[in-house]
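Asker: Take a look at input32.cif, mmCIF, C-alpha atoms:
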```cif
data_target
#
loop_
_atom_site.label_atom_id
_atom_site.label_comp_id
_atom_site.auth_asym_id
_atom_site.auth_seq_id
_atom_site.Cartn_x
_atom_site.Cartn_y
_atom_site.Cartn_z
CA MET D 26 96.64 152.51 77.60
CA ALA D 27 92.90 153.13 77.98
CA ASN D 28 93.19 153.05 81.76
CA GLN D 29 96.18 155.40 81.73
CA THR D 30 94.31 157.78 79.42
CA ARG D 31 91.21 157.84 81.60
CA GLN D 32 93.26 158.26 84.77
CA LEU D 33 95.36 161.05 83.26
CA ALA D 34 92.24 162.91 82.13
CA GLU D 35 90.82 162.72 85.65
CA LEU D 36 94.04 163.98 87.24
CA LEU D 37 94.48 166.85 84.78
CA THR D 38 90.87 167.89 85.31
CA VAL D 39 91.49 168.11 89.05
CA GLU D 40 94.49 170.33 88.27
CA GLY D 41 92.15 172.74 86.46
CA ALA D 42 92.63 171.68 82.83
CA ARG D 43 89.80 171.07 80.39
CA VAL D 44 90.37 167.66 78.82
CA ASP D 45 88.67 166.32 75.69
CA ILE D 46 89.19 162.61 75.04
CA VAL D 47 88.93 161.51 71.41
CA GLN D 48 88.17 157.80 71.63
CA VAL D 49 89.55 155.51 68.92
CA ASN D 50 86.94 152.80 69.55
CA ALA D 51 83.80 154.85 70.13
CA PRO D 52 80.46 153.01 69.70
CA TYR D 53 79.26 152.66 66.13
CA SER D 54 76.60 155.09 64.98
CA PRO D 55 74.32 153.68 63.72
CA ALA D 56 74.82 150.48 65.72
CA TRP D 57 74.10 148.21 62.75
CA ALA D 58 77.27 149.43 61.00
CA GLY D 59 79.36 147.45 63.49
CA ARG D 60 78.00 144.19 62.06
CA ILE D 61 79.23 144.77 58.51
CA LYS D 62 82.89 143.97 57.84
CA GLY D 63 84.73 146.60 55.83
CA LEU D 64 81.97 149.16 56.27
CA ARG D 65 82.41 149.25 60.04
CA ALA D 66 86.00 150.46 59.68
CA VAL D 67 84.77 153.48 57.72
CA PHE D 68 82.01 154.19 60.26
CA ARG D 69 84.60 154.24 63.02
CA LEU D 70 87.52 155.99 61.29
CA VAL D 71 85.62 158.89 59.69
CA PRO D 72 83.94 160.05 62.94
CA TYR D 73 87.28 159.66 64.71
CA LEU D 74 89.01 161.95 62.21
CA TYR D 75 86.18 164.49 62.46
CA ARG D 76 86.36 164.57 66.26
CA LEU D 77 90.15 164.88 66.06
CA TRP D 78 89.90 167.87 63.73
CA ARG D 79 87.48 169.67 66.03
CA ALA D 80 89.42 168.82 69.20
CA ALA D 81 92.70 169.99 67.69
CA GLY D 82 91.13 173.35 66.90
CA ARG D 83 90.07 173.85 70.53
CA ALA D 84 93.17 172.58 72.30
CA ASP D 85 96.26 174.38 73.57
CA VAL D 86 98.16 171.11 73.26
CA MET D 87 97.27 167.65 71.93
CA HIS D 88 98.48 164.59 73.88
CA VAL D 89 98.59 161.60 71.52
CA MET D 90 98.64 158.13 73.09
CA ALA D 91 100.53 156.02 70.56
CA ASN D 92 101.32 152.33 70.12
CA SER D 93 102.85 149.97 67.55
CA GLY D 94 101.49 148.43 64.39
CA TRP D 95 98.17 149.38 62.84
CA SER D 96 97.34 151.39 65.94
CA TRP D 97 100.09 153.83 64.92
CA HIS D 98 99.06 154.08 61.28
CA LEU D 99 95.29 154.30 61.85
CA TYR D 100 95.10 156.44 64.98
CA ALA D 101 98.35 158.08 66.14
CA MET D 102 99.68 159.21 62.78
CA PRO D 103 96.40 160.90 61.70
CA ALA D 104 96.21 162.64 65.09
CA ILE D 105 99.71 164.06 64.63
CA ARG D 106 99.04 165.18 61.06
CA LEU D 107 95.68 166.79 61.83
CA ALA D 108 97.05 168.62 64.87
CA ALA D 109 99.92 169.92 62.74
CA MET D 110 97.43 171.17 60.16
CA ARG D 111 95.59 173.03 62.94
CA ARG D 112 98.94 174.36 64.24
CA THR D 113 98.31 172.75 67.63
CA PRO D 114 101.40 171.68 69.63
CA ILE D 115 101.64 167.89 69.72
CA VAL D 116 103.00 165.72 72.52
CA VAL D 117 103.38 162.11 71.38
CA ASN D 118 103.26 159.64 74.28
CA TYR D 119 104.52 156.35 72.83
CA ARG D 120 103.85 153.10 74.73
CA GLY D 121 104.26 149.42 74.04
CA GLY D 122 106.97 146.82 74.40
CA GLU D 123 106.99 145.96 70.67
CA ALA D 124 108.49 149.30 69.63
CA GLY D 125 111.82 147.78 68.57
CA THR D 126 110.22 145.27 66.21
CA PHE D 127 107.81 147.89 64.87
CA LEU D 128 110.50 150.46 64.16
CA GLU D 129 112.63 147.94 62.28
CA THR D 130 110.15 148.21 59.41
CA ALA D 131 108.25 151.44 60.11
CA ALA D 132 110.99 153.82 61.29
CA ASN D 133 110.87 155.99 58.17
CA SER D 134 107.11 156.45 58.43
CA VAL D 135 107.29 157.18 62.17
CA ARG D 136 110.14 159.65 61.69
CA ALA D 137 108.18 161.49 58.99
CA SER D 138 105.25 161.98 61.35
CA MET D 139 107.43 162.83 64.34
CA LYS D 140 108.95 165.76 62.43
CA ARG D 141 105.60 167.48 63.01
CA ALA D 142 105.52 166.76 66.76
CA SER D 143 106.60 169.12 69.52
CA SER D 144 107.67 166.48 72.03
CA LEU D 145 108.14 162.72 72.34
CA ILE D 146 107.52 161.43 75.84
CA LEU D 147 108.26 157.84 76.80
CA PRO D 148 107.47 155.99 80.03
CA SER D 149 110.82 154.23 80.43
CA GLY D 150 114.52 154.28 79.69
CA PHE D 151 113.93 151.15 77.62
CA LEU D 152 111.83 153.02 75.05
CA LEU D 153 114.13 156.04 75.25
CA ASP D 154 116.98 153.79 74.05
CA VAL D 155 114.84 152.15 71.34
CA PHE D 156 113.80 155.47 69.79
CA ALA D 157 117.31 156.90 70.08
CA ARG D 158 118.58 154.07 67.85
CA TYR D 159 116.32 155.42 65.11
CA GLY D 160 117.31 159.05 65.57
CA MET D 161 114.32 160.20 67.64
CA VAL D 162 114.97 162.09 70.87
CA GLY D 163 112.51 161.62 73.73
CA ARG D 164 112.11 162.45 77.38
CA ILE D 165 110.94 160.16 80.17
CA VAL D 166 107.58 160.76 81.82
CA PRO D 167 106.73 157.59 83.79
CA ASN D 168 103.37 155.88 84.02
CA ILE D 169 101.16 157.11 86.83
CA ILE D 170 99.92 154.80 89.55
CA ASP D 171 96.95 155.69 91.75
CA VAL D 172 98.47 154.76 95.11
CA ASP D 173 95.18 155.51 96.85
CA ARG D 174 93.28 152.96 94.79
CA PHE D 175 96.15 150.47 94.59
CA SER D 176 97.19 150.08 98.21
CA PRO D 177 97.50 147.19 100.67
CA ALA D 178 94.48 146.13 102.67
CA GLU D 179 94.44 147.49 106.22
CA THR D 180 93.51 144.05 107.51
CA SER D 181 94.51 141.11 105.36
CA GLY D 182 92.60 137.88 104.90
CA LYS D 183 95.39 136.41 102.84
CA GLY D 184 95.88 133.55 105.23
CA GLU D 185 92.48 132.16 104.22
CA GLY D 186 91.88 129.93 101.22
CA GLY D 187 95.44 128.99 100.32
CA PHE D 188 98.25 130.69 98.41
CA SER D 189 96.71 133.12 95.92
CA ILE D 190 98.54 133.90 92.64
CA ILE D 191 97.18 136.47 90.19
CA VAL D 192 97.87 137.51 86.60
CA THR D 193 96.30 140.72 85.27
CA ARG D 194 97.09 140.80 81.55
CA ASN D 195 95.01 140.46 78.39
CA LEU D 196 94.67 136.95 77.02
CA GLU D 197 96.91 137.51 74.00
CA ALA D 198 99.97 135.64 72.78
CA ILE D 199 102.51 138.36 73.68
CA TYR D 200 101.58 138.17 77.36
CA GLY D 201 102.57 134.52 77.85
CA ILE D 202 99.54 133.42 79.86
CA ASP D 203 100.11 129.83 78.69
CA VAL D 204 103.54 129.90 80.34
CA VAL D 205 102.16 130.81 83.76
CA ILE D 206 99.50 128.09 83.48
CA LYS D 207 102.19 125.51 82.70
CA ALA D 208 104.28 126.86 85.59
CA PHE D 209 101.29 126.63 87.92
CA ALA D 210 100.85 122.94 87.09
CA LEU D 211 104.37 122.46 88.54
CA VAL D 212 103.77 124.80 91.47
CA ILE D 213 100.85 122.89 92.97
CA GLU D 214 103.08 119.84 93.38
CA GLN D 215 104.92 121.80 96.09
CA LEU D 216 102.22 124.31 97.11
CA PRO D 217 99.12 122.12 97.09
CA ASP D 218 96.86 124.86 98.49
CA ALA D 219 97.75 127.34 95.72
CA HIS D 220 95.24 128.75 93.26
CA LEU D 221 95.61 130.98 90.22
CA ALA D 222 93.34 133.85 89.14
CA ILE D 223 93.74 135.24 85.61
CA ALA D 224 92.05 138.63 85.21
CA GLY D 225 91.64 139.73 81.63
CA SER D 226 89.93 138.95 78.35
CA GLY D 227 91.13 138.28 74.85
CA PRO D 228 91.17 135.94 71.88
CA LEU D 229 93.07 133.13 73.63
CA CYS D 230 90.54 132.64 76.44
CA GLY D 231 89.16 129.36 75.07
CA ALA D 232 92.60 127.93 74.27
CA LEU D 233 93.91 128.81 77.73
CA GLU D 234 90.91 127.24 79.46
CA THR D 235 91.53 124.10 77.39
CA LEU D 236 95.21 124.11 78.41
CA ALA D 237 94.29 124.26 82.10
CA LYS D 238 91.87 121.37 81.59
CA ASP D 239 94.44 119.30 79.69
CA LEU D 240 96.91 119.80 82.56
CA GLY D 241 94.26 118.67 85.07
CA ILE D 242 94.30 121.97 86.99
CA GLU D 243 91.10 123.61 85.73
CA LYS D 244 89.54 123.54 89.21
CA ARG D 245 92.50 125.52 90.57
CA VAL D 246 92.55 128.16 87.83
CA GLU D 247 89.94 130.92 87.70
CA PHE D 248 89.38 133.06 84.59
CA THR D 249 87.69 136.17 85.97
CA GLY D 250 87.20 137.98 82.66
CA ARG D 251 87.83 141.71 82.32
CA LEU D 252 87.59 143.63 85.60
CA ASP D 253 87.28 147.35 86.25
CA ARG D 254 89.97 149.24 88.18
CA ASP D 255 88.32 148.85 91.58
CA GLN D 256 87.80 145.12 91.06
CA VAL D 257 91.45 144.69 90.03
CA ALA D 258 92.56 146.66 93.11
CA ALA D 259 90.51 144.34 95.33
CA LEU D 260 92.04 141.29 93.62
CA TYR D 261 95.55 142.59 94.36
CA ARG D 262 94.72 143.17 98.02
CA ASP D 263 93.66 139.54 98.44
CA ALA D 264 96.67 138.07 96.58
CA HIS D 265 99.93 136.64 97.88
CA LEU D 266 101.80 136.96 94.58
CA SER D 267 101.47 138.69 91.20
CA VAL D 268 103.03 137.19 88.07
CA ASN D 269 103.79 139.00 84.81
CA PRO D 270 104.68 136.32 82.21
CA SER D 271 104.87 138.53 79.10
CA HIS D 272 107.21 137.91 76.15
CA VAL D 273 107.55 141.64 75.35
CA ASP D 274 106.81 144.60 77.58
CA ASN D 275 107.55 148.23 78.30
CA MET D 276 106.44 149.54 81.70
CA PRO D 277 103.58 147.21 82.64
CA ASN D 278 101.02 148.82 84.91
CA SER D 279 100.21 145.38 86.28
CA VAL D 280 103.68 145.25 87.84
CA LEU D 281 103.49 148.78 89.25
CA GLU D 282 99.95 148.26 90.58
CA SER D 283 101.04 145.05 92.29
CA MET D 284 103.98 146.83 93.90
CA ALA D 285 101.74 149.64 95.15
CA SER D 286 99.26 147.08 96.51
CA GLY D 287 101.89 145.35 98.61
CA VAL D 288 101.98 142.19 96.48
CA PRO D 289 105.35 140.55 95.68
CA VAL D 290 106.04 140.39 91.95
CA ILE D 291 107.58 137.79 89.67
CA SER D 292 108.09 138.96 86.09
CA THR D 293 109.87 137.88 82.96
CA ARG D 294 113.08 139.79 82.26
CA VAL D 295 111.92 141.49 79.06
CA GLY D 296 111.82 144.97 77.54
CA GLY D 297 111.49 147.74 80.06
CA VAL D 298 110.78 145.57 83.11
CA PRO D 299 114.43 145.59 84.35
CA PHE D 300 114.26 149.40 84.18
CA ILE D 301 111.53 149.52 86.85
CA VAL D 302 112.42 146.64 89.18
CA GLU D 303 115.66 145.17 90.49
CA ASP D 304 115.96 141.40 90.55
CA GLY D 305 116.05 140.08 94.10
CA GLN D 306 115.30 143.50 95.59
CA THR D 307 111.92 144.77 94.38
CA ALA D 308 110.88 141.69 92.34
CA LEU D 309 112.12 138.34 91.07
CA LEU D 310 112.93 138.19 87.36
CA VAL D 311 112.92 135.02 85.26
CA PRO D 312 113.62 134.29 81.57
CA PRO D 313 110.64 134.53 79.20
CA ASN D 314 108.89 131.37 78.02
CA ASP D 315 110.42 129.26 80.81
CA PRO D 316 107.68 127.67 82.95
CA VAL D 317 110.22 125.71 85.03
CA ALA D 318 112.12 128.86 86.09
CA MET D 319 108.84 130.64 86.75
CA ALA D 320 107.55 127.75 88.87
CA ARG D 321 110.75 127.73 90.94
CA ALA D 322 110.43 131.47 91.60
CA ILE D 323 106.77 131.13 92.60
CA VAL D 324 107.55 128.29 95.00
CA ARG D 325 110.47 130.27 96.42
CA VAL D 326 108.21 133.19 97.33
CA GLY D 327 105.47 130.85 98.56
CA GLN D 328 107.81 129.06 100.94
CA ASP D 329 109.92 132.01 102.13
CA SER D 330 107.86 134.59 104.02
CA VAL D 331 110.97 136.66 104.80
CA LEU D 332 111.72 137.01 101.10
CA ALA D 333 108.09 137.87 100.35
CA ASP D 334 108.06 140.59 103.01
CA ARG D 335 111.36 142.04 101.78
CA LEU D 336 110.17 142.21 98.17
CA ARG D 337 106.85 143.69 99.25
CA ASN D 338 108.35 146.44 101.41
CA ALA D 339 111.08 147.45 98.96
CA ALA D 340 108.61 147.55 96.08
CA ARG D 341 106.20 149.82 97.96
CA ASP D 342 109.03 152.27 98.60
CA GLU D 343 110.15 152.17 94.95
CA VAL D 344 106.69 152.65 93.46
CA GLN D 345 106.22 156.01 95.18
CA ARG D 346 108.14 157.61 92.30
CA TYR D 347 105.14 156.85 90.05
CA ARG D 348 102.63 158.84 92.14
CA TRP D 349 100.89 161.74 90.40
CA ALA D 350 102.58 164.19 92.78
CA ALA D 351 105.96 162.92 91.56
CA VAL D 352 105.12 162.69 87.85
CA LYS D 353 102.92 165.71 87.17
CA HIS D 354 105.74 168.27 87.12
CA GLU D 355 107.54 166.30 84.39
CA LEU D 356 104.35 166.01 82.32
CA LEU D 357 103.31 169.63 82.73
CA SER D 358 106.85 170.69 81.82
CA ALA D 359 106.55 168.69 78.57
CA TYR D 360 103.27 170.47 77.78
CA GLU D 361 104.75 173.90 78.53
CA ASP D 362 107.84 173.22 76.41
CA ALA D 363 105.65 172.06 73.52
CA MET D 364 103.54 175.22 73.66
CA ARG D 365 106.64 177.44 73.79
CA SER D 366 108.39 175.62 70.94
CA PRO D 367 105.81 173.88 68.71
CA ALA D 368 108.47 172.75 66.18
CA ASP D 369 110.99 171.07 68.47
CA ASP D 370 113.79 169.09 66.82
CA ILE D 371 112.86 165.54 67.82
CA VAL D 372 114.13 163.78 64.69
CA ARG D 373 117.90 163.75 64.18
CA PRO D 374 119.95 162.55 61.19
CA LEU D 375 120.74 158.85 61.32
CA ARG D 376 124.37 157.86 61.54
CA ASP D 377 125.77 155.16 59.28
#
```
Show how you would write the structure in this file as structure tokens.
Answerer:
Amino acid sequence: MANQTRQLAELLTVEGARVDIVQVNAPYSPAWAGRIKGLRAVFRLVPYLYRLWRAAGRADVMHVMANSGWSWHLYAMPAIRLAAMRRTPIVVNYRGGEAGTFLETAANSVRASMKRASSLILPSGFLLDVFARYGMVGRIVPNIIDVDRFSPAETSGKGEGGFSIIVTRNLEAIYGIDVVIKAFALVIEQLPDAHLAIAGSGPLCGALETLAKDLGIEKRVEFTGRLDRDQVAALYRDAHLSVNPSHVDNMPNSVLESMASGVPVISTRVGGVPFIVEDGQTALLVPPNDPVAMARAIVRVGQDSVLADRLRNAARDEVQRYRWAAVKHELLSAYEDAMRSPADDIVRPLRD
């Protein structure tokens, strides 16, 4: 979400808009406040609310990046309420594959806030269906992929150094990194020159490194840590295959970036992923939490260059629909509609 926010701000600025970003995790001021539990939450939340209030007073429209759980309650909901108090049109851009689980318990709270919003935009048909079940009407505005940054290398060195597999997800339980490590232990029995790079950071880093060691594959698995956008783009260009092993998902940028970079994709069949790729055509889909199925799919791509080329070429054609030139008209239309009708009827009565 942070990368999409930063990228969107850059693109809108080029289009002539003035964009103010209100950061939810701005540095603590003073710095020592970040070392005191309990107090640090106050030192972050209060300045956030103050900056929101000021930004809402200056803006023609407020674009709220929203997610599930505490992120909604602490950051998105206050942004919606403060913008409504300032009579600023509000476009809520909800993201995250856990929306269904979240709305099972928080639908009433979310609906109450959404009554103040002008528009609900969602990146996929998956989330459109989820919100519709709870009486909230949205419109699809897809994620944006920078096809200039994420593009195939003009000359590839992929033949050097063995079969390169990459994962670019945070090291958190919902992303199933342990599954791809277990799958990789099976893969190297048939692709002995394969190696795995895991780009990301998170609380499970130590446990995942231990898992690779326990499986005897630690020398074949590289944990790169968090990379910036240009470093990730370079990693894609040198890879033979990208794997998305997540347990829940919406419209993962890692999948779209891989497609744009000319890297075949294997993903779990979860959430919104089947809305953006077609199994056997633009990617291979496998069940979640199934290292054996994932290993078979990886080996299949590694041993079948015709299949790899077909997936790569079809995916590059498909991902063009996520270019800024293709998406900006839908986004700008959502902004214009919000400014024309600040009190749009997003929330509908629930049927029994």
Asker: Restricting the calculation to only C-alpha atoms: of D:Arg31, D:Arg158, D:Arg262, D:Lys207, which residue gets closest to Leu375 (chain D)?
Answerer: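 Ranked by minimum distance to Leu375 (chain D), first place goes to D:Arg158.
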Asker: When you draw a straight line from CA of Ile371 (chain D) to CA of Lys140 (chain D), how long is it in Å?
Answerer: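 Separation between CA of Ile371 (chain D) and CA of Lys140 (chain D): 6.7 Å.
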Asker: Compile the contact shell of Gly327 (chain D) as a list in words: residues with an atom at most 9 Å away, counting all atoms listed in the file, same-chain residues fewer than 6 positions apart removed.
Answerer: Phe188, Leu216, Ala219, His265, Leu266 and Ala333 of chain D
Asker: Save out the residues we just selected, C-alpha atoms, as a PDB file, keeping the file's coordinate frame.
Answerer:
```pdb
ATOM      1  CA  PHE D 188      98.250 130.690  98.410  1.00  0.00           C
ATOM      2  CA  LEU D 216     102.220 124.310  97.110  1.00  0.00           C
ATOM      3  CA  ALA D 219      97.750 127.340  95.720  1.00  0.00           C
ATOM      4  CA  HIS D 265      99.930 136.640  97.880  1.00  0.00           C
ATOM      5  CA  LEU D 266     101.800 136.960  94.580  1.00  0.00           C
ATOM      6  CA  ALA D 333     108.090 137.870 100.350  1.00  0.00           C
TER       7      ALA D 333
END
```
Asker: Which of these, D:Ser358, D:Pro148, D:Ile223, D:Ala101, has the shortest distance to Tyr73 (chain D) once you count all atoms listed in the file?
Answerer: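 Using all atoms listed in the file, Tyr73 (chain D) sits closest to D:Ala101.
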Asker: Within 7 Å of Ala285 (chain D), counting only C-alpha atoms, which residues qualify if same-chain residues fewer than 3 places away don't, as number ranges by chain?
Answerer: D: 172, 175-176, 281-282, 341, 344
Asker: Selection from above, C-alpha atoms, as a PDB file, keeping the file's coordinate frame, can you write it?
Answerer:
```
ATOM      1  CA  VAL D 172      98.470 154.760  95.110  1.00  0.00           C
ATOM      2  CA  PHE D 175      96.150 150.470  94.590  1.00  0.00           C
ATOM      3  CA  SER D 176      97.190 150.080  98.210  1.00  0.00           C
ATOM      4  CA  LEU D 281     103.490 148.780  89.250  1.00  0.00           C
ATOM      5  CA  GLU D 282      99.950 148.260  90.580  1.00  0.00           C
ATOM      6  CA  ARG D 341     106.200 149.820  97.960  1.00  0.00           C
ATOM      7  CA  VAL D 344     106.690 152.650  93.460  1.00  0.00           C
TER       8      VAL D 344
END
```
Asker: Running the PyMOL selection byres ((chain D and resi 365) around 12) on this model by hand, what would come out? Give it as a PDB file with C-alpha atoms, keeping the file's coordinate frame.
Answerer:
```pdb
ATOM      1  CA  ASP D  85      96.260 174.380  73.570  1.00  0.00           C
ATOM      2  CA  VAL D  86      98.160 171.110  73.260  1.00  0.00           C
ATOM      3  CA  THR D 113      98.310 172.750  67.630  1.00  0.00           C
ATOM      4  CA  PRO D 114     101.400 171.680  69.630  1.00  0.00           C
ATOM      5  CA  ILE D 115     101.640 167.890  69.720  1.00  0.00           C
ATOM      6  CA  SER D 143     106.600 169.120  69.520  1.00  0.00           C
ATOM      7  CA  SER D 144     107.670 166.480  72.030  1.00  0.00           C
ATOM      8  CA  SER D 358     106.850 170.690  81.820  1.00  0.00           C
ATOM      9  CA  ALA D 359     106.550 168.690  78.570  1.00  0.00           C
ATOM     10  CA  TYR D 360     103.270 170.470  77.780  1.00  0.00           C
ATOM     11  CA  GLU D 361     104.750 173.900  78.530  1.00  0.00           C
ATOM     12  CA  ASP D 362     107.840 173.220  76.410  1.00  0.00           C
ATOM     13  CA  ALA D 363     105.650 172.060  73.520  1.00  0.00           C
ATOM     14  CA  MET D 364     103.540 175.220  73.660  1.00  0.00           C
ATOM     15  CA  SER D 366     108.390 175.620  70.940  1.00  0.00           C
ATOM     16  CA  PRO D 367     105.810 173.880  68.710  1.00  0.00           C
ATOM     17  CA  ALA D 368     108.470 172.750  66.180  1.00  0.00           C
ATOM     18  CA  ASP D 369     110.990 171.070  68.470  1.00  0.00           C
TER      19      ASP D 369
END
```
Asker: Which is closest to Val257 (chain D) among D:Arg43, D:Val166, D:Ser283, D:Asp239, if we use all atoms listed in the file?
Answerer: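 Nearest candidate to Val257 (chain D) out of D:Arg43, D:Val166, D:Ser283, D:Asp239: D:Ser283.
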Asker: One decimal, in Å: what's the spacing between CA of Pro374 (chain D) and CA of Leu152 (chain D)?
Answerer: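 Interatomic distance here is 18.7 Å.
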